[in-house]
Amino acid sequence: MLSRITALLLCCSAPFAVVAQCGDPYTPVAGIQGEQDASPLAGQSVVVEGVVTLDSRSKDGLSGFYMQASDEDVDDSSRTSEAVFVHTKRAGGQVGHRVRIKGQVKEYYGLTEVTRLSSLMDCGAAALPAPVMLSFPLPGASRLESLEAMRVRFSAPLTVVDVHDLGRFGVVALAATDQWQKDNSEDSTMAGNAITRILLDDASNRQNPDGANWLGGQFRADRLVRAGSQLESVSGILDFRYKAWRIQPDRPPVVVDRNPRPAAPRAPVDGSLRVASFNVLNFFNGDGKGGGFPTARGADNRQELLRQQAKLVSALQQLKADVVGLMELENDGSGPESAIAELTQALGAPWTFVYTGNRVGRDAIQVGIIYRADRVTPVGDAVILNDGPFARFSRPPVVQRFRAQTSDFSFRVMVNHFKSRSCRNAEGDNSDQHDGEGCYAPARRDAARSLVNWLASASPREATLLLGDLNSYAGESPLTILAAGGYRQPMQGSNPSHYTYRFFGVKGSLDYVLADTASASRLTGVGVWHINADEPPMLDYNLEHHPEGRADRLYQAAPWRSSDHDPIYVDINTGP
């Protein structure tokens with residue numbers, strides 16, 4: 001016995017000589033979609049009727065509209081979608097009206113659509129089909145395919161987990177809750193996120209938009225959402241474009257929590273010093289004389305550099321630290337025209353920096369140390385570890401002893417930047433072993449062992465803080481090696497907000513201040529200041545990828561999005 005949809009296809013899918021009138025025989029929408037990923041009618045001409053549910057034929061729109069079968073036309077198969085995208089600029093019909101069209105069925109990069117319309121007839125007002133209720137985790141791909149182009153609504157508030165493309169395409173990623181990097185499971189975590197998140201789009205093909213319809217129009221610095229924000233009443237059309245499932249909203253969601261920006265940390269208690277780690281995202285100052293742009297990384301010109309510098313100065317001053325280890329400085333040494341010298345000069349008195357001579361290692365970037373000369377005094381010269389794993393992969397660490405100016409307490413700071421997880425040029429054991437630790441894991445392990453061995457032989461033995469961007473998540477082998485050597489995370493297990501970075505929206509920590517036993521017993525405070533990882537990149541210093549006027553409208557000489565990593569700090573008691 002033929003199913004209802006098969007009978008309808010046999011009856012009604014043959015090409016029509018004329019479109020005739022509304023209500024005359026037509027191919028059901030479910031017949032166009034079929035029960036597989038691709039339409040069984042691809043390449044054929046069809047006449048179809050349905051209700052317009054979202055219209056995106058405006059300038060910069062998606063060049064079409066979505067139509068869905070009326071409730072009375074729904075077939076009896078749960079494997080077929082009842083809606084389809086109609087690719088056309090032809091006028092006629094509107095949301096809430098039934099239309100009759102004639103066109104050709106096409107598969108466009110995984111999206112079933114009707115295109116090349118020869119006729120579009122408005123059949124009058126009609127009730128919108130009821131939305132299908134969704135919740136996370138989403139069903140598998142085959143089930144989502146059966147809902148393609150249909151009206152959907154999420155039954156619970158959703159969390160914004162990724163804002164990277166908000167400024168470029170008006171898009172954010174949503175999930176049931178914020179997503180955390182699991183210990184030792186980067187590969188499995190990222191694979192799993194395909195079904196635990198969905199994109200919220202803006203029903204537009206615009207790049208670098210001036211605003212997003214779901215955020216109330218034009219972007220404003222005080223109206224953007226940070227990652228971690230919560231939205232409720234998320235509804236619209238379930239769409240598939242650019243290899244990702246997304247919602248094209250039919251109304252703006254309600255922003256119930258924008259993940260408010262945290263206040264600056266309080267100053268350390270009396271008798272304590274603050275030591276911080278901050279990856280400053282490629283602070284390059286050209287030739288140090290106002291020219292020399294563009295450089296290998298960072299700002300493209302002097303104007304961008306000054307915008308970047310103002311944000312970093314604001315962040316560093318409000319961090320209230322006394323010693324800061326910096327990563328991703330231009331590797332141009334520490335002379336008067338170096339990047340570290342210019343940043344320190346911009347901070348003003350009493351800030352200065354640790355002298356490290358000329359270039360530190362062979363990488364384009366180096367680590368450095370800045371400090372307040374009214375709070376600490378360097379003891380001896382800096383030590384730079386240039387051999388072993390630091391001769392080729394990880395950036396050479398810089399080690400400096402300091403003495404508090406209010407006591408005889410001295411301590412050692414070691415600043416690091418381990419090899420990144422990027423797989424560029426990775427070979428052999430340094431390629432991805434699919435154990436969750438990414439590429440160049442052996443290089444990071446070797447770096448950790450070298451640090452432990454060097455510190456074990458260092459003289460004098462005193463309180464030591466090992467800090468920096470270790471490009472390793474908590475629980476991975478470099479952290480395990482360092483912990484076995486006596487350098488542990490004071491925040492681990494005690495502060496659930498310990499994250500400094502978002503990788504494709506998944507948050508975790510790559511940055512650390514690790515304490516040995518002598519320093520751990522003196523800690524009076526620990527913290528991460530979330531000023532960067534949750535912020536949309538369009539708020540940074542860059543001037544590209546902005547429509548006219550947007551970069552200046554959104555820019556603030558403030559700490560927000562001064563980098564892509566959050567600074568992390570500890571306070572250490574300097575008393576007896």
# chains A, B, ... in the order shown; residues from 1 in each chain; ligands from 1
$ closest_atom_pairs --of "stretch 58-100 of chain A" --to "stretch 116-140 of chain A" --cutoff "8 Å" --atoms "only C-alpha atoms" --output "CSV"
residue,atom,partner,partner_atom,distance
A:Gln68,CA,A:Pro129,CA,7.2
A:Ala69,CA,A:Pro129,CA,7.4
A:Ser70,CA,A:Pro129,CA,5.9
A:Asp71,CA,A:Pro129,CA,5.8
A:His87,CA,A:Arg116,CA,7.5
A:Thr88,CA,A:Leu117,CA,6.8
A:Arg90,CA,A:Leu120,CA,7.5
A:Ala91,CA,A:Leu120,CA,7.8
A:Gly92,CA,A:Asp122,CA,6.1
A:Gly93,CA,A:Asp122,CA,4.9
A:Gly96,CA,A:Ala126,CA,5.5
A:His97,CA,A:Ala125,CA,4.2
A:Arg98,CA,A:Cys123,CA,5.1
A:Val99,CA,A:Asp122,CA,4.6
A:Arg100,CA,A:Met121,CA,5.0
$ write_last_selection --atoms "N, CA, C and O atoms" --output "mmCIF file, in the first residue's frame"
data_model
loop_
_atom_site.group_PDB
_atom_site.id
_atom_site.type_symbol
_atom_site.label_atom_id
_atom_site.label_comp_id
_atom_site.auth_asym_id
_atom_site.auth_seq_id
_atom_site.Cartn_x
_atom_site.Cartn_y
_atom_site.Cartn_z
ATOM 1 N N GLN A 68 6.267 27.114 4.697
ATOM 2 C CA GLN A 68 5.983 25.889 5.425
ATOM 3 C C GLN A 68 4.558 25.449 5.149
ATOM 4 O O GLN A 68 3.654 26.283 4.987
ATOM 5 N N ALA A 69 4.348 24.163 5.102
ATOM 6 C CA ALA A 69 3.017 23.620 4.863
ATOM 7 C C ALA A 69 2.068 24.035 5.980
ATOM 8 O O ALA A 69 2.461 24.097 7.154
ATOM 9 N N SER A 70 0.861 24.330 5.627
ATOM 10 C CA SER A 70 -0.161 24.585 6.637
ATOM 11 C C SER A 70 -0.365 23.325 7.463
ATOM 12 O O SER A 70 -0.083 22.204 7.009
ATOM 13 N N ASP A 71 -0.844 23.511 8.676
ATOM 14 C CA ASP A 71 -0.997 22.361 9.571
ATOM 15 C C ASP A 71 -1.846 21.257 8.938
ATOM 16 O O ASP A 71 -1.580 20.065 9.138
ATOM 17 N N HIS A 87 14.427 30.403 -2.993
ATOM 18 C CA HIS A 87 15.476 31.348 -3.398
ATOM 19 C C HIS A 87 14.949 32.213 -4.534
ATOM 20 O O HIS A 87 14.823 31.762 -5.678
ATOM 21 N N THR A 88 14.635 33.454 -4.215
ATOM 22 C CA THR A 88 14.077 34.355 -5.224
ATOM 23 C C THR A 88 14.101 35.790 -4.733
ATOM 24 O O THR A 88 14.064 36.041 -3.530
ATOM 25 N N ARG A 90 11.856 37.674 -6.492
ATOM 26 C CA ARG A 90 10.557 38.009 -7.063
ATOM 27 C C ARG A 90 9.622 38.513 -5.963
ATOM 28 O O ARG A 90 9.559 37.952 -4.870
ATOM 29 N N ALA A 91 8.897 39.572 -6.236
ATOM 30 C CA ALA A 91 7.973 40.143 -5.257
ATOM 31 C C ALA A 91 6.711 39.304 -5.170
ATOM 32 O O ALA A 91 6.366 38.549 -6.081
ATOM 33 N N GLY A 92 6.001 39.471 -4.040
ATOM 34 C CA GLY A 92 4.734 38.784 -3.847
ATOM 35 C C GLY A 92 4.727 37.989 -2.558
ATOM 36 O O GLY A 92 5.733 37.405 -2.170
ATOM 37 N N GLY A 93 3.581 38.003 -1.889
ATOM 38 C CA GLY A 93 3.460 37.286 -0.627
ATOM 39 C C GLY A 93 4.158 38.024 0.506
ATOM 40 O O GLY A 93 4.957 38.933 0.306
ATOM 41 N N GLY A 96 2.903 35.263 6.951
ATOM 42 C CA GLY A 96 1.519 35.059 7.344
ATOM 43 C C GLY A 96 0.571 34.957 6.174
ATOM 44 O O GLY A 96 -0.649 34.942 6.373
ATOM 45 N N HIS A 97 1.102 34.875 4.963
ATOM 46 C CA HIS A 97 0.274 34.680 3.771
ATOM 47 C C HIS A 97 0.645 33.355 3.108
ATOM 48 O O HIS A 97 1.810 32.942 3.111
ATOM 49 N N ARG A 98 -0.366 32.705 2.557
ATOM 50 C CA ARG A 98 -0.143 31.482 1.784
ATOM 51 C C ARG A 98 0.233 31.883 0.362
ATOM 52 O O ARG A 98 -0.348 32.820 -0.205
ATOM 53 N N VAL A 99 1.235 31.209 -0.202
ATOM 54 C CA VAL A 99 1.652 31.518 -1.560
ATOM 55 C C VAL A 99 1.691 30.229 -2.383
ATOM 56 O O VAL A 99 1.813 29.124 -1.847
ATOM 57 N N ARG A 100 1.575 30.415 -3.679
ATOM 58 C CA ARG A 100 1.684 29.304 -4.628
ATOM 59 C C ARG A 100 2.797 29.666 -5.599
ATOM 60 O O ARG A 100 2.768 30.745 -6.204
#
$ residues_around --residues "A:Ser334" --least-positions-apart "2" --cutoff "7 Å" --atoms "only C-alpha atoms" --output "list of chain:residue names"
A:Asp332, A:Pro336, A:Ser338, A:Ile340, A:Ala341, A:Tyr355, A:Thr356, A:Gly357, A:Asn358
$ write_last_selection --atoms "N, CA and C atoms" --output "CSV table (one decimal), in the first residue's frame"
chain,number,residue,atom,x,y,z
A,332,ASP,N,62.0,42.1,19.9
A,332,ASP,CA,63.0,43.1,19.5
A,332,ASP,C,63.8,43.6,20.6
A,336,PRO,N,65.7,50.9,24.1
A,336,PRO,CA,64.8,52.1,24.3
A,336,PRO,C,63.7,52.1,23.2
A,338,SER,N,62.2,49.3,21.9
A,338,SER,CA,61.6,48.0,21.9
A,338,SER,C,60.1,48.1,22.2
A,340,ILE,N,58.5,46.4,24.6
A,340,ILE,CA,58.4,46.4,26.0
A,340,ILE,C,58.7,47.8,26.6
A,341,ALA,N,59.7,48.5,26.0
A,341,ALA,CA,60.0,49.8,26.5
A,341,ALA,C,58.9,50.8,26.2
A,355,TYR,N,65.5,44.1,32.0
A,355,TYR,CA,66.4,44.1,30.8
A,355,TYR,C,66.8,42.7,30.4
A,356,THR,N,66.6,42.4,29.1
A,356,THR,CA,66.9,41.0,28.7
A,356,THR,C,67.9,41.1,27.5
A,357,GLY,N,68.4,42.2,27.2
A,357,GLY,CA,69.4,42.3,26.1
A,357,GLY,C,68.7,42.4,24.7
A,358,ASN,N,69.3,41.8,23.7
A,358,ASN,CA,68.7,41.8,22.4
A,358,ASN,C,67.6,40.8,22.2
$ closest_residue --among "A:Val415, A:Val160, A:Ala441, A:Val74" --to "A:Glu427" --atoms "only C-alpha atoms"
A:Ala441
$ select_by_dssp --residues "stretch 259-433 of chain A" --states "strand (DSSP E)" --output "mmCIF file with N, CA, C and O atoms, in the first residue's frame"
data_model
loop_
_atom_site.group_PDB
_atom_site.id
_atom_site.type_symbol
_atom_site.label_atom_id
_atom_site.label_comp_id
_atom_site.auth_asym_id
_atom_site.auth_seq_id
_atom_site.Cartn_x
_atom_site.Cartn_y
_atom_site.Cartn_z
ATOM 1 N N SER A 272 51.094 42.661 51.057
ATOM 2 C CA SER A 272 51.138 41.688 49.969
ATOM 3 C C SER A 272 51.511 42.362 48.661
ATOM 4 O O SER A 272 51.222 43.550 48.443
ATOM 5 N N LEU A 273 52.117 41.599 47.775
ATOM 6 C CA LEU A 273 52.417 42.029 46.414
ATOM 7 C C LEU A 273 51.579 41.202 45.449
ATOM 8 O O LEU A 273 51.271 40.037 45.715
ATOM 9 N N ARG A 274 51.233 41.803 44.326
ATOM 10 C CA ARG A 274 50.463 41.083 43.302
ATOM 11 C C ARG A 274 51.364 40.754 42.123
ATOM 12 O O ARG A 274 52.031 41.641 41.573
ATOM 13 N N VAL A 275 51.355 39.479 41.720
ATOM 14 C CA VAL A 275 52.117 38.999 40.569
ATOM 15 C C VAL A 275 51.116 38.447 39.559
ATOM 16 O O VAL A 275 50.256 37.632 39.913
ATOM 17 N N ALA A 276 51.222 38.889 38.305
ATOM 18 C CA ALA A 276 50.219 38.540 37.295
ATOM 19 C C ALA A 276 50.868 37.996 36.036
ATOM 20 O O ALA A 276 52.053 38.238 35.759
ATOM 21 N N SER A 277 50.067 37.283 35.266
ATOM 22 C CA SER A 277 50.458 36.784 33.948
ATOM 23 C C SER A 277 49.457 37.312 32.930
ATOM 24 O O SER A 277 48.248 37.241 33.145
ATOM 25 N N PHE A 278 49.976 37.845 31.809
ATOM 26 C CA PHE A 278 49.084 38.469 30.836
ATOM 27 C C PHE A 278 49.662 38.274 29.434
ATOM 28 O O PHE A 278 50.731 38.794 29.106
ATOM 29 N N ASN A 279 48.954 37.506 28.602
ATOM 30 C CA ASN A 279 49.268 37.386 27.185
ATOM 31 C C ASN A 279 48.645 38.589 26.481
ATOM 32 O O ASN A 279 47.421 38.736 26.457
ATOM 33 N N VAL A 280 49.489 39.468 25.902
ATOM 34 C CA VAL A 280 49.004 40.741 25.382
ATOM 35 C C VAL A 280 48.716 40.706 23.883
ATOM 36 O O VAL A 280 48.542 41.761 23.262
ATOM 37 N N LEU A 281 48.635 39.530 23.290
ATOM 38 C CA LEU A 281 48.192 39.351 21.906
ATOM 39 C C LEU A 281 48.988 40.213 20.919
ATOM 40 O O LEU A 281 48.482 41.160 20.331
ATOM 41 N N ASN A 282 50.257 39.864 20.765
ATOM 42 C CA ASN A 282 51.075 40.442 19.708
ATOM 43 C C ASN A 282 51.182 41.964 19.800
ATOM 44 O O ASN A 282 50.665 42.692 18.949
ATOM 45 N N PHE A 283 51.856 42.427 20.841
ATOM 46 C CA PHE A 283 52.132 43.856 20.951
ATOM 47 C C PHE A 283 53.436 44.140 20.211
ATOM 48 O O PHE A 283 54.531 43.922 20.712
ATOM 49 N N VAL A 323 54.173 43.072 39.768
ATOM 50 C CA VAL A 323 55.047 42.393 38.818
ATOM 51 C C VAL A 323 54.150 41.679 37.818
ATOM 52 O O VAL A 323 53.217 40.970 38.215
ATOM 53 N N VAL A 324 54.408 41.875 36.512
ATOM 54 C CA VAL A 324 53.583 41.240 35.476
ATOM 55 C C VAL A 324 54.489 40.555 34.469
ATOM 56 O O VAL A 324 55.389 41.176 33.886
ATOM 57 N N GLY A 325 54.255 39.258 34.265
ATOM 58 C CA GLY A 325 54.893 38.539 33.175
ATOM 59 C C GLY A 325 54.051 38.696 31.929
ATOM 60 O O GLY A 325 52.843 38.456 31.945
ATOM 61 N N LEU A 326 54.673 39.122 30.834
ATOM 62 C CA LEU A 326 53.972 39.391 29.581
ATOM 63 C C LEU A 326 54.376 38.376 28.524
ATOM 64 O O LEU A 326 55.546 38.003 28.417
ATOM 65 N N MET A 327 53.401 37.933 27.739
ATOM 66 C CA MET A 327 53.657 37.064 26.598
ATOM 67 C C MET A 327 53.239 37.788 25.319
ATOM 68 O O MET A 327 52.397 38.658 25.346
ATOM 69 N N GLU A 328 53.812 37.362 24.210
ATOM 70 C CA GLU A 328 53.514 37.861 22.869
ATOM 71 C C GLU A 328 53.916 39.323 22.700
ATOM 72 O O GLU A 328 53.213 40.111 22.066
ATOM 73 N N LEU A 329 55.075 39.669 23.239
ATOM 74 C CA LEU A 329 55.710 40.940 22.912
ATOM 75 C C LEU A 329 56.532 40.756 21.643
ATOM 76 O O LEU A 329 57.062 39.671 21.377
ATOM 77 N N GLU A 330 56.661 41.810 20.865
ATOM 78 C CA GLU A 330 57.542 41.751 19.707
ATOM 79 C C GLU A 330 58.948 41.395 20.173
ATOM 80 O O GLU A 330 59.455 41.948 21.150
ATOM 81 N N TRP A 351 56.453 52.476 36.678
ATOM 82 C CA TRP A 351 56.662 51.222 35.963
ATOM 83 C C TRP A 351 58.004 51.215 35.231
ATOM 84 O O TRP A 351 58.432 52.217 34.676
ATOM 85 N N THR A 352 58.653 50.069 35.224
ATOM 86 C CA THR A 352 59.845 49.835 34.432
ATOM 87 C C THR A 352 59.858 48.362 34.023
ATOM 88 O O THR A 352 58.888 47.639 34.283
ATOM 89 N N PHE A 353 60.932 47.915 33.367
ATOM 90 C CA PHE A 353 60.950 46.546 32.853
ATOM 91 C C PHE A 353 62.302 45.901 33.104
ATOM 92 O O PHE A 353 63.317 46.564 33.335
ATOM 93 N N ILE A 365 57.994 36.370 18.650
ATOM 94 C CA ILE A 365 57.524 36.934 19.911
ATOM 95 C C ILE A 365 58.414 36.491 21.056
ATOM 96 O O ILE A 365 59.108 35.471 20.973
ATOM 97 N N GLN A 366 58.389 37.253 22.133
ATOM 98 C CA GLN A 366 59.173 36.933 23.317
ATOM 99 C C GLN A 366 58.341 37.213 24.558
ATOM 100 O O GLN A 366 57.284 37.847 24.488
ATOM 101 N N VAL A 367 58.828 36.722 25.688
ATOM 102 C CA VAL A 367 58.217 37.057 26.972
ATOM 103 C C VAL A 367 59.023 38.182 27.601
ATOM 104 O O VAL A 367 60.166 38.447 27.228
ATOM 105 N N GLY A 368 58.403 38.847 28.568
ATOM 106 C CA GLY A 368 59.080 39.924 29.272
ATOM 107 C C GLY A 368 58.467 40.132 30.644
ATOM 108 O O GLY A 368 57.426 39.559 30.967
ATOM 109 N N ILE A 369 59.115 40.964 31.439
ATOM 110 C CA ILE A 369 58.635 41.256 32.791
ATOM 111 C C ILE A 369 58.642 42.763 32.998
ATOM 112 O O ILE A 369 59.640 43.436 32.736
ATOM 113 N N ILE A 370 57.509 43.289 33.457
ATOM 114 C CA ILE A 370 57.435 44.687 33.883
ATOM 115 C C ILE A 370 57.112 44.705 35.368
ATOM 116 O O ILE A 370 56.547 43.752 35.906
ATOM 117 N N TYR A 371 57.502 45.788 36.048
ATOM 118 C CA TYR A 371 57.278 45.840 37.494
ATOM 119 C C TYR A 371 57.219 47.284 37.964
ATOM 120 O O TYR A 371 57.657 48.213 37.269
ATOM 121 N N ARG A 372 56.670 47.441 39.155
ATOM 122 C CA ARG A 372 56.603 48.764 39.797
ATOM 123 C C ARG A 372 57.857 48.952 40.646
ATOM 124 O O ARG A 372 58.069 48.237 41.626
ATOM 125 N N VAL A 376 58.868 46.838 44.295
ATOM 126 C CA VAL A 376 59.854 45.748 44.295
ATOM 127 C C VAL A 376 61.150 46.232 43.675
ATOM 128 O O VAL A 376 61.169 47.177 42.873
ATOM 129 N N THR A 377 62.214 45.535 44.012
ATOM 130 C CA THR A 377 63.534 45.824 43.465
ATOM 131 C C THR A 377 64.118 44.541 42.891
ATOM 132 O O THR A 377 64.137 43.509 43.577
ATOM 133 N N PRO A 378 64.602 44.568 41.635
ATOM 134 C CA PRO A 378 65.244 43.367 41.088
ATOM 135 C C PRO A 378 66.506 43.027 41.861
ATOM 136 O O PRO A 378 67.232 43.913 42.317
ATOM 137 N N VAL A 379 66.757 41.731 41.988
ATOM 138 C CA VAL A 379 67.970 41.246 42.633
ATOM 139 C C VAL A 379 68.790 40.517 41.572
ATOM 140 O O VAL A 379 68.400 39.448 41.094
ATOM 141 N N GLY A 380 69.888 41.115 41.151
ATOM 142 C CA GLY A 380 70.713 40.514 40.117
ATOM 143 C C GLY A 380 70.104 40.674 38.732
ATOM 144 O O GLY A 380 69.056 41.316 38.542
ATOM 145 N N ASP A 381 70.753 40.080 37.760
ATOM 146 C CA ASP A 381 70.295 40.166 36.377
ATOM 147 C C ASP A 381 69.313 39.042 36.060
ATOM 148 O O ASP A 381 69.274 38.016 36.740
ATOM 149 N N ALA A 382 68.551 39.258 35.009
ATOM 150 C CA ALA A 382 67.633 38.223 34.542
ATOM 151 C C ALA A 382 68.411 37.056 33.963
ATOM 152 O O ALA A 382 69.503 37.212 33.404
ATOM 153 N N VAL A 383 67.820 35.873 34.098
ATOM 154 C CA VAL A 383 68.376 34.662 33.491
ATOM 155 C C VAL A 383 67.436 34.239 32.365
ATOM 156 O O VAL A 383 66.209 34.216 32.538
ATOM 157 N N ILE A 384 68.029 33.916 31.220
ATOM 158 C CA ILE A 384 67.235 33.486 30.065
ATOM 159 C C ILE A 384 67.630 32.064 29.715
ATOM 160 O O ILE A 384 68.812 31.763 29.533
ATOM 161 N N ARG A 395 59.046 29.473 23.610
ATOM 162 C CA ARG A 395 59.817 30.690 23.742
ATOM 163 C C ARG A 395 60.707 30.613 24.983
ATOM 164 O O ARG A 395 60.289 30.082 26.019
ATOM 165 N N PRO A 396 61.941 31.159 24.929
ATOM 166 C CA PRO A 396 62.836 31.097 26.089
ATOM 167 C C PRO A 396 62.228 31.784 27.311
ATOM 168 O O PRO A 396 61.781 32.931 27.229
ATOM 169 N N PRO A 397 62.204 31.088 28.447
ATOM 170 C CA PRO A 397 61.705 31.703 29.676
ATOM 171 C C PRO A 397 62.676 32.779 30.186
ATOM 172 O O PRO A 397 63.884 32.727 29.923
ATOM 173 N N VAL A 398 62.123 33.724 30.927
ATOM 174 C CA VAL A 398 62.919 34.758 31.595
ATOM 175 C C VAL A 398 62.694 34.617 33.095
ATOM 176 O O VAL A 398 61.544 34.535 33.550
ATOM 177 N N VAL A 399 63.778 34.562 33.857
ATOM 178 C CA VAL A 399 63.717 34.384 35.307
ATOM 179 C C VAL A 399 64.324 35.609 35.976
ATOM 180 O O VAL A 399 65.412 36.058 35.596
ATOM 181 N N GLN A 400 63.620 36.152 36.950
ATOM 182 C CA GLN A 400 64.113 37.326 37.670
ATOM 183 C C GLN A 400 63.769 37.205 39.151
ATOM 184 O O GLN A 400 62.637 36.851 39.508
ATOM 185 N N ARG A 401 64.763 37.504 40.003
ATOM 186 C CA ARG A 401 64.536 37.585 41.452
ATOM 187 C C ARG A 401 64.137 39.012 41.804
ATOM 188 O O ARG A 401 64.609 39.984 41.213
ATOM 189 N N PHE A 402 63.240 39.126 42.789
ATOM 190 C CA PHE A 402 62.799 40.428 43.295
ATOM 191 C C PHE A 402 62.844 40.431 44.813
ATOM 192 O O PHE A 402 62.713 39.379 45.451
ATOM 193 N N ARG A 403 62.996 41.633 45.360
ATOM 194 C CA ARG A 403 62.882 41.816 46.803
ATOM 195 C C ARG A 403 61.828 42.890 47.066
ATOM 196 O O ARG A 403 61.803 43.926 46.404
ATOM 197 N N ALA A 404 60.934 42.602 48.013
ATOM 198 C CA ALA A 404 59.926 43.593 48.394
ATOM 199 C C ALA A 404 60.609 44.795 49.033
ATOM 200 O O ALA A 404 61.576 44.651 49.782
ATOM 201 N N SER A 410 62.269 38.019 49.594
ATOM 202 C CA SER A 410 62.627 37.936 48.181
ATOM 203 C C SER A 410 61.959 36.711 47.567
ATOM 204 O O SER A 410 61.652 35.728 48.257
ATOM 205 N N PHE A 411 61.752 36.771 46.290
ATOM 206 C CA PHE A 411 61.078 35.680 45.582
ATOM 207 C C PHE A 411 61.538 35.679 44.136
ATOM 208 O O PHE A 411 62.100 36.656 43.626
ATOM 209 N N ARG A 412 61.268 34.573 43.468
ATOM 210 C CA ARG A 412 61.687 34.388 42.081
ATOM 211 C C ARG A 412 60.454 34.282 41.192
ATOM 212 O O ARG A 412 59.476 33.620 41.534
ATOM 213 N N VAL A 413 60.528 34.920 40.031
ATOM 214 C CA VAL A 413 59.453 34.854 39.033
ATOM 215 C C VAL A 413 60.031 34.276 37.741
ATOM 216 O O VAL A 413 61.056 34.762 37.245
ATOM 217 N N MET A 414 59.391 33.246 37.225
ATOM 218 C CA MET A 414 59.794 32.642 35.948
ATOM 219 C C MET A 414 58.639 32.782 34.966
ATOM 220 O O MET A 414 57.538 32.269 35.196
ATOM 221 N N VAL A 415 58.873 33.474 33.845
ATOM 222 C CA VAL A 415 57.827 33.760 32.857
ATOM 223 C C VAL A 415 58.025 32.871 31.631
ATOM 224 O O VAL A 415 59.138 32.783 31.090
ATOM 225 N N ASN A 416 56.932 32.240 31.173
ATOM 226 C CA ASN A 416 57.002 31.235 30.106
ATOM 227 C C ASN A 416 55.944 31.456 29.042
ATOM 228 O O ASN A 416 54.891 32.040 29.299
ATOM 229 N N HIS A 417 56.234 30.921 27.868
ATOM 230 C CA HIS A 417 55.231 30.814 26.807
ATOM 231 C C HIS A 417 55.548 29.554 26.014
ATOM 232 O O HIS A 417 56.388 29.561 25.121
#
$ closest_residue --among "A:Gly61, A:Gly50, A:Gly217, A:Pro40" --to "A:Thr112" --atoms "only C-alpha atoms"
A:Pro40
$ closest_residue --among "A:Val161, A:Ala458, A:Leu215, A:Val570" --to "A:Trp529" --atoms "only C-alpha atoms"
A:Val570
